[in-house]
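Novice: Pasting target10.txt below, which is compact mmCIF, N, CA and C atoms.
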```
# COMPACT_ATOMS: atom_id res chain seq x y z
N MET A 28 67.95 107.06 112.97
CA MET A 28 68.41 106.45 111.74
C MET A 28 67.38 106.65 110.63
N PHE A 29 66.14 106.23 110.88
CA PHE A 29 65.10 106.40 109.87
C PHE A 29 64.22 107.59 110.19
N ASP A 30 64.43 108.21 111.35
CA ASP A 30 63.66 109.37 111.79
C ASP A 30 62.17 109.06 111.78
N ILE A 31 61.80 107.97 112.44
CA ILE A 31 60.40 107.55 112.54
C ILE A 31 59.92 107.92 113.94
N GLY A 32 58.82 108.65 114.00
CA GLY A 32 58.26 109.07 115.27
C GLY A 32 57.25 108.07 115.80
N PHE A 33 56.69 108.40 116.96
CA PHE A 33 55.72 107.52 117.62
C PHE A 33 54.49 107.31 116.75
N PHE A 34 53.99 108.39 116.15
CA PHE A 34 52.78 108.30 115.33
C PHE A 34 52.99 107.37 114.13
N GLU A 35 54.15 107.46 113.49
CA GLU A 35 54.44 106.60 112.34
C GLU A 35 54.53 105.13 112.76
N ILE A 36 55.11 104.88 113.93
CA ILE A 36 55.21 103.51 114.43
C ILE A 36 53.81 102.94 114.70
N MET A 37 52.94 103.75 115.28
CA MET A 37 51.57 103.30 115.55
C MET A 37 50.83 102.96 114.25
N ILE A 38 51.04 103.76 113.21
CA ILE A 38 50.41 103.47 111.91
C ILE A 38 50.95 102.17 111.34
N LEU A 39 52.26 101.97 111.42
CA LEU A 39 52.86 100.74 110.90
C LEU A 39 52.36 99.52 111.67
N MET A 40 52.21 99.65 112.98
CA MET A 40 51.70 98.53 113.78
C MET A 40 50.24 98.22 113.41
N ALA A 41 49.45 99.25 113.19
CA ALA A 41 48.06 99.04 112.80
C ALA A 41 47.96 98.35 111.45
N ILE A 42 48.79 98.77 110.51
CA ILE A 42 48.80 98.13 109.19
C ILE A 42 49.25 96.68 109.32
N ALA A 43 50.27 96.42 110.16
CA ALA A 43 50.75 95.05 110.35
C ALA A 43 49.67 94.17 110.96
N VAL A 44 48.91 94.68 111.90
CA VAL A 44 47.84 93.89 112.52
C VAL A 44 46.77 93.57 111.49
N VAL A 45 46.44 94.53 110.62
CA VAL A 45 45.41 94.30 109.61
C VAL A 45 45.91 93.32 108.55
N VAL A 46 47.13 93.51 108.07
CA VAL A 46 47.64 92.68 106.97
C VAL A 46 48.02 91.28 107.46
N ILE A 47 48.75 91.20 108.54
CA ILE A 47 49.27 89.91 109.00
C ILE A 47 48.26 89.19 109.89
N GLY A 48 47.57 89.95 110.66
CA GLY A 48 46.60 89.35 111.59
C GLY A 48 47.17 89.30 112.98
N PRO A 49 46.32 89.47 113.98
CA PRO A 49 46.82 89.52 115.36
C PRO A 49 47.38 88.18 115.85
N GLN A 50 46.92 87.05 115.31
CA GLN A 50 47.43 85.76 115.78
C GLN A 50 48.80 85.44 115.18
N ASN A 51 49.12 85.98 114.01
CA ASN A 51 50.41 85.69 113.37
C ASN A 51 51.48 86.74 113.67
N LEU A 52 51.09 87.87 114.23
CA LEU A 52 52.03 88.95 114.50
C LEU A 52 53.13 88.54 115.49
N PRO A 53 52.83 87.86 116.60
CA PRO A 53 53.91 87.44 117.51
C PRO A 53 54.89 86.46 116.84
N LYS A 54 54.38 85.58 115.99
CA LYS A 54 55.26 84.64 115.29
C LYS A 54 56.21 85.39 114.35
N LEU A 55 55.66 86.39 113.66
CA LEU A 55 56.49 87.18 112.75
C LEU A 55 57.54 87.97 113.52
N ALA A 56 57.15 88.57 114.63
CA ALA A 56 58.11 89.33 115.44
C ALA A 56 59.22 88.43 115.97
N LYS A 57 58.85 87.23 116.38
CA LYS A 57 59.85 86.28 116.88
C LYS A 57 60.81 85.87 115.76
N ALA A 58 60.28 85.62 114.57
CA ALA A 58 61.12 85.24 113.43
C ALA A 58 62.05 86.38 113.03
N ILE A 59 61.53 87.61 113.05
CA ILE A 59 62.37 88.76 112.70
C ILE A 59 63.48 88.93 113.74
N GLY A 60 63.13 88.79 115.03
CA GLY A 60 64.13 88.90 116.09
C GLY A 60 65.21 87.83 115.98
N ARG A 61 64.80 86.61 115.68
CA ARG A 61 65.75 85.51 115.52
C ARG A 61 66.67 85.77 114.32
N GLY A 62 66.08 86.23 113.22
CA GLY A 62 66.88 86.54 112.03
C GLY A 62 67.87 87.67 112.29
N TRP A 63 67.42 88.70 113.02
CA TRP A 63 68.31 89.81 113.34
C TRP A 63 69.45 89.34 114.24
N GLY A 64 69.15 88.47 115.19
CA GLY A 64 70.19 87.93 116.06
C GLY A 64 71.22 87.12 115.29
N GLU A 65 70.75 86.30 114.36
CA GLU A 65 71.67 85.52 113.52
C GLU A 65 72.53 86.43 112.66
N PHE A 66 71.93 87.49 112.14
CA PHE A 66 72.68 88.46 111.33
C PHE A 66 73.78 89.11 112.17
N GLN A 67 73.44 89.53 113.40
CA GLN A 67 74.44 90.16 114.26
C GLN A 67 75.56 89.18 114.62
N ASN A 68 75.21 87.95 114.92
CA ASN A 68 76.24 86.96 115.25
C ASN A 68 77.17 86.72 114.06
N THR A 69 76.59 86.59 112.87
CA THR A 69 77.40 86.37 111.67
C THR A 69 78.29 87.57 111.40
N PHE A 70 77.73 88.78 111.53
CA PHE A 70 78.51 89.99 111.30
C PHE A 70 79.65 90.11 112.30
N ASN A 71 79.36 89.87 113.58
CA ASN A 71 80.41 89.95 114.61
C ASN A 71 81.49 88.91 114.39
N SER A 72 81.09 87.72 113.97
CA SER A 72 82.07 86.67 113.69
C SER A 72 82.96 87.07 112.51
N LEU A 73 82.35 87.60 111.46
CA LEU A 73 83.12 88.04 110.30
C LEU A 73 84.05 89.18 110.68
N LYS A 74 83.56 90.11 111.48
CA LYS A 74 84.37 91.23 111.93
C LYS A 74 85.57 90.74 112.73
N GLN A 75 85.34 89.79 113.62
CA GLN A 75 86.44 89.25 114.43
C GLN A 75 87.46 88.51 113.57
N ASP A 76 86.98 87.77 112.56
CA ASP A 76 87.90 87.08 111.65
C ASP A 76 88.78 88.06 110.90
N VAL A 77 88.19 89.16 110.44
CA VAL A 77 88.97 90.17 109.71
C VAL A 77 89.99 90.82 110.65
N LEU A 78 89.58 91.15 111.87
CA LEU A 78 90.52 91.75 112.83
C LEU A 78 91.66 90.79 113.17
N ASP A 79 91.34 89.51 113.35
CA ASP A 79 92.39 88.52 113.64
C ASP A 79 93.36 88.40 112.47
N GLU A 80 92.82 88.39 111.26
CA GLU A 80 93.67 88.25 110.07
C GLU A 80 94.56 89.47 109.90
N THR A 81 94.03 90.66 110.13
CA THR A 81 94.86 91.86 109.99
C THR A 81 95.93 91.91 111.08
N GLU A 82 95.60 91.46 112.28
CA GLU A 82 96.62 91.41 113.34
C GLU A 82 97.72 90.41 112.98
N SER A 83 97.33 89.27 112.40
CA SER A 83 98.31 88.28 111.97
C SER A 83 99.22 88.84 110.88
N LEU A 84 98.63 89.52 109.91
CA LEU A 84 99.43 90.13 108.85
C LEU A 84 100.33 91.22 109.39
N LYS A 85 99.83 91.98 110.35
CA LYS A 85 100.61 93.05 110.95
C LYS A 85 101.84 92.47 111.65
N GLN A 86 101.68 91.35 112.33
CA GLN A 86 102.81 90.72 113.01
C GLN A 86 103.78 90.11 112.01
N ASN A 87 103.26 89.50 110.94
CA ASN A 87 104.13 88.88 109.94
C ASN A 87 104.97 89.91 109.20
N VAL A 88 104.37 91.03 108.91
CA VAL A 88 105.07 92.06 108.13
C VAL A 88 105.91 92.95 109.04
N ASN A 89 105.64 92.91 110.33
CA ASN A 89 106.29 93.78 111.30
C ASN A 89 106.04 95.24 110.92
N LEU A 90 104.78 95.55 110.82
CA LEU A 90 104.35 96.87 110.37
C LEU A 90 104.81 97.97 111.32
N ASP A 91 104.84 97.70 112.61
CA ASP A 91 105.27 98.71 113.56
C ASP A 91 106.73 99.10 113.33
N GLY A 92 107.59 98.10 113.11
CA GLY A 92 108.99 98.38 112.84
C GLY A 92 109.18 99.11 111.53
N LEU A 93 108.41 98.72 110.53
CA LEU A 93 108.49 99.38 109.24
C LEU A 93 108.03 100.83 109.35
N GLU A 94 107.00 101.07 110.13
CA GLU A 94 106.50 102.43 110.31
C GLU A 94 107.55 103.29 111.01
N GLN A 95 108.23 102.72 112.00
CA GLN A 95 109.28 103.47 112.69
C GLN A 95 110.44 103.76 111.75
N ASP A 96 110.79 102.80 110.89
CA ASP A 96 111.88 103.01 109.93
C ASP A 96 111.53 104.14 108.96
N VAL A 97 110.30 104.13 108.46
CA VAL A 97 109.88 105.17 107.52
C VAL A 97 109.85 106.52 108.21
N THR A 98 109.37 106.55 109.45
CA THR A 98 109.31 107.81 110.19
C THR A 98 110.70 108.36 110.43
N SER A 99 111.63 107.51 110.82
CA SER A 99 112.99 107.99 111.08
C SER A 99 113.69 108.39 109.79
N ALA A 100 113.37 107.74 108.68
CA ALA A 100 114.01 108.07 107.41
C ALA A 100 113.48 109.38 106.83
N THR A 101 112.25 109.69 107.14
CA THR A 101 111.66 110.90 106.55
C THR A 101 111.62 112.07 107.51
N LYS A 102 112.14 111.88 108.72
CA LYS A 102 112.13 112.97 109.70
C LYS A 102 113.17 114.00 109.32
N ILE A 103 112.74 115.22 109.29
CA ILE A 103 113.64 116.32 108.93
C ILE A 103 113.73 117.24 110.14
N ASP A 104 114.93 117.42 110.62
CA ASP A 104 115.15 118.34 111.72
C ASP A 104 115.57 119.69 111.14
N VAL A 105 114.72 120.64 111.32
CA VAL A 105 115.00 121.97 110.80
C VAL A 105 115.13 122.90 111.98
N ASP A 106 116.28 123.51 112.08
CA ASP A 106 116.51 124.50 113.11
C ASP A 106 116.80 125.81 112.41
N VAL A 107 115.81 126.61 112.30
CA VAL A 107 115.95 127.86 111.59
C VAL A 107 115.82 128.98 112.59
N ASN A 108 116.79 129.82 112.58
CA ASN A 108 116.76 130.98 113.44
C ASN A 108 116.60 132.20 112.55
N LEU A 109 115.45 132.77 112.59
CA LEU A 109 115.16 133.90 111.73
C LEU A 109 115.18 135.18 112.56
N ASP A 110 116.08 136.05 112.19
CA ASP A 110 116.10 137.38 112.77
C ASP A 110 115.60 138.32 111.69
N LEU A 111 114.42 138.74 111.84
CA LEU A 111 113.80 139.58 110.83
C LEU A 111 113.86 141.04 111.27
N ASP A 112 114.44 141.81 110.43
CA ASP A 112 114.46 143.26 110.68
C ASP A 112 113.47 143.90 109.74
N ALA A 113 112.91 144.97 110.17
CA ALA A 113 111.94 145.68 109.34
C ALA A 113 112.59 146.23 108.09
N LYS A 114 113.86 146.58 108.18
CA LYS A 114 114.52 147.14 107.00
C LYS A 114 114.82 146.07 105.95
N ASP A 115 114.82 144.79 106.34
CA ASP A 115 115.04 143.72 105.37
C ASP A 115 113.84 143.57 104.44
N PHE A 116 112.70 144.00 104.91
CA PHE A 116 111.48 143.87 104.12
C PHE A 116 110.92 145.24 103.83
N GLN A 117 111.49 145.88 102.86
CA GLN A 117 110.98 147.19 102.48
C GLN A 117 109.86 147.01 101.47
N ILE A 118 108.76 147.66 101.76
CA ILE A 118 107.61 147.57 100.88
C ILE A 118 107.56 148.83 100.04
N ASN A 119 107.53 148.62 98.75
CA ASN A 119 107.43 149.75 97.83
C ASN A 119 105.96 150.08 97.62
N ASP A 120 105.58 151.29 98.03
CA ASP A 120 104.21 151.74 97.87
C ASP A 120 104.08 152.40 96.52
N PRO A 121 103.25 151.87 95.60
CA PRO A 121 103.14 152.46 94.25
C PRO A 121 102.49 153.83 94.27
N ASN A 122 101.75 154.17 95.33
CA ASN A 122 101.11 155.48 95.40
C ASN A 122 102.06 156.54 95.94
N LYS A 123 103.13 156.11 96.54
CA LYS A 123 104.10 157.04 97.11
C LYS A 123 105.12 157.42 96.04
N ASN A 124 105.31 158.69 95.83
CA ASN A 124 106.27 159.16 94.80
C ASN A 124 107.49 159.73 95.42
```
Is it possible to give me this structure as structure tokens?
Specialist:
Amino acid sequence: MFDIGFFEIMILMAIAVVVIGPQNLPKLAKAIGRGWGEFQNTFNSLKQDVLDETESLKQNVNLDGLEQDVTSATKIDVDVNLDLDAKDFQINDPNKN
């Protein structure tokens, strides 16, 4: 995603230890992990609410039946039997006199 290699991670960890301090680093990591977990739970809950609402709307509107009606109304059955003869398509060559 961010294309960060091992060396870049080691540099970031070293900077974090210097800036934050070794005693506060575990607290920060725990807080970040907790925040990320809450974000994922909120996102999954919102996603599920949207999916439930769309399913409810789909049932109320009867979208499947409407889709079948539109498909059957716009279906065109074409049965074309083409017998092509070479003489039907004569090509005029401009270089030929």
Novice: Do you have the CA of Thr69 (chain A)-atom C of Ala56 (chain A) distance handy?
Specialist: 18.8 Å
Novice: Please compute the CA of Asn87 (chain A)-CA of Lys74 (chain A) distance, one decimal, in Å.
Specialist: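 So the answer is 20.0 Å.
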Novice: Could you check how far atom N of Ser72 (chain A) sits from CA of Pro53 (chain A), in Å to one decimal?
Specialist: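 That distance, rounded to one decimal, is 27.4 Å.
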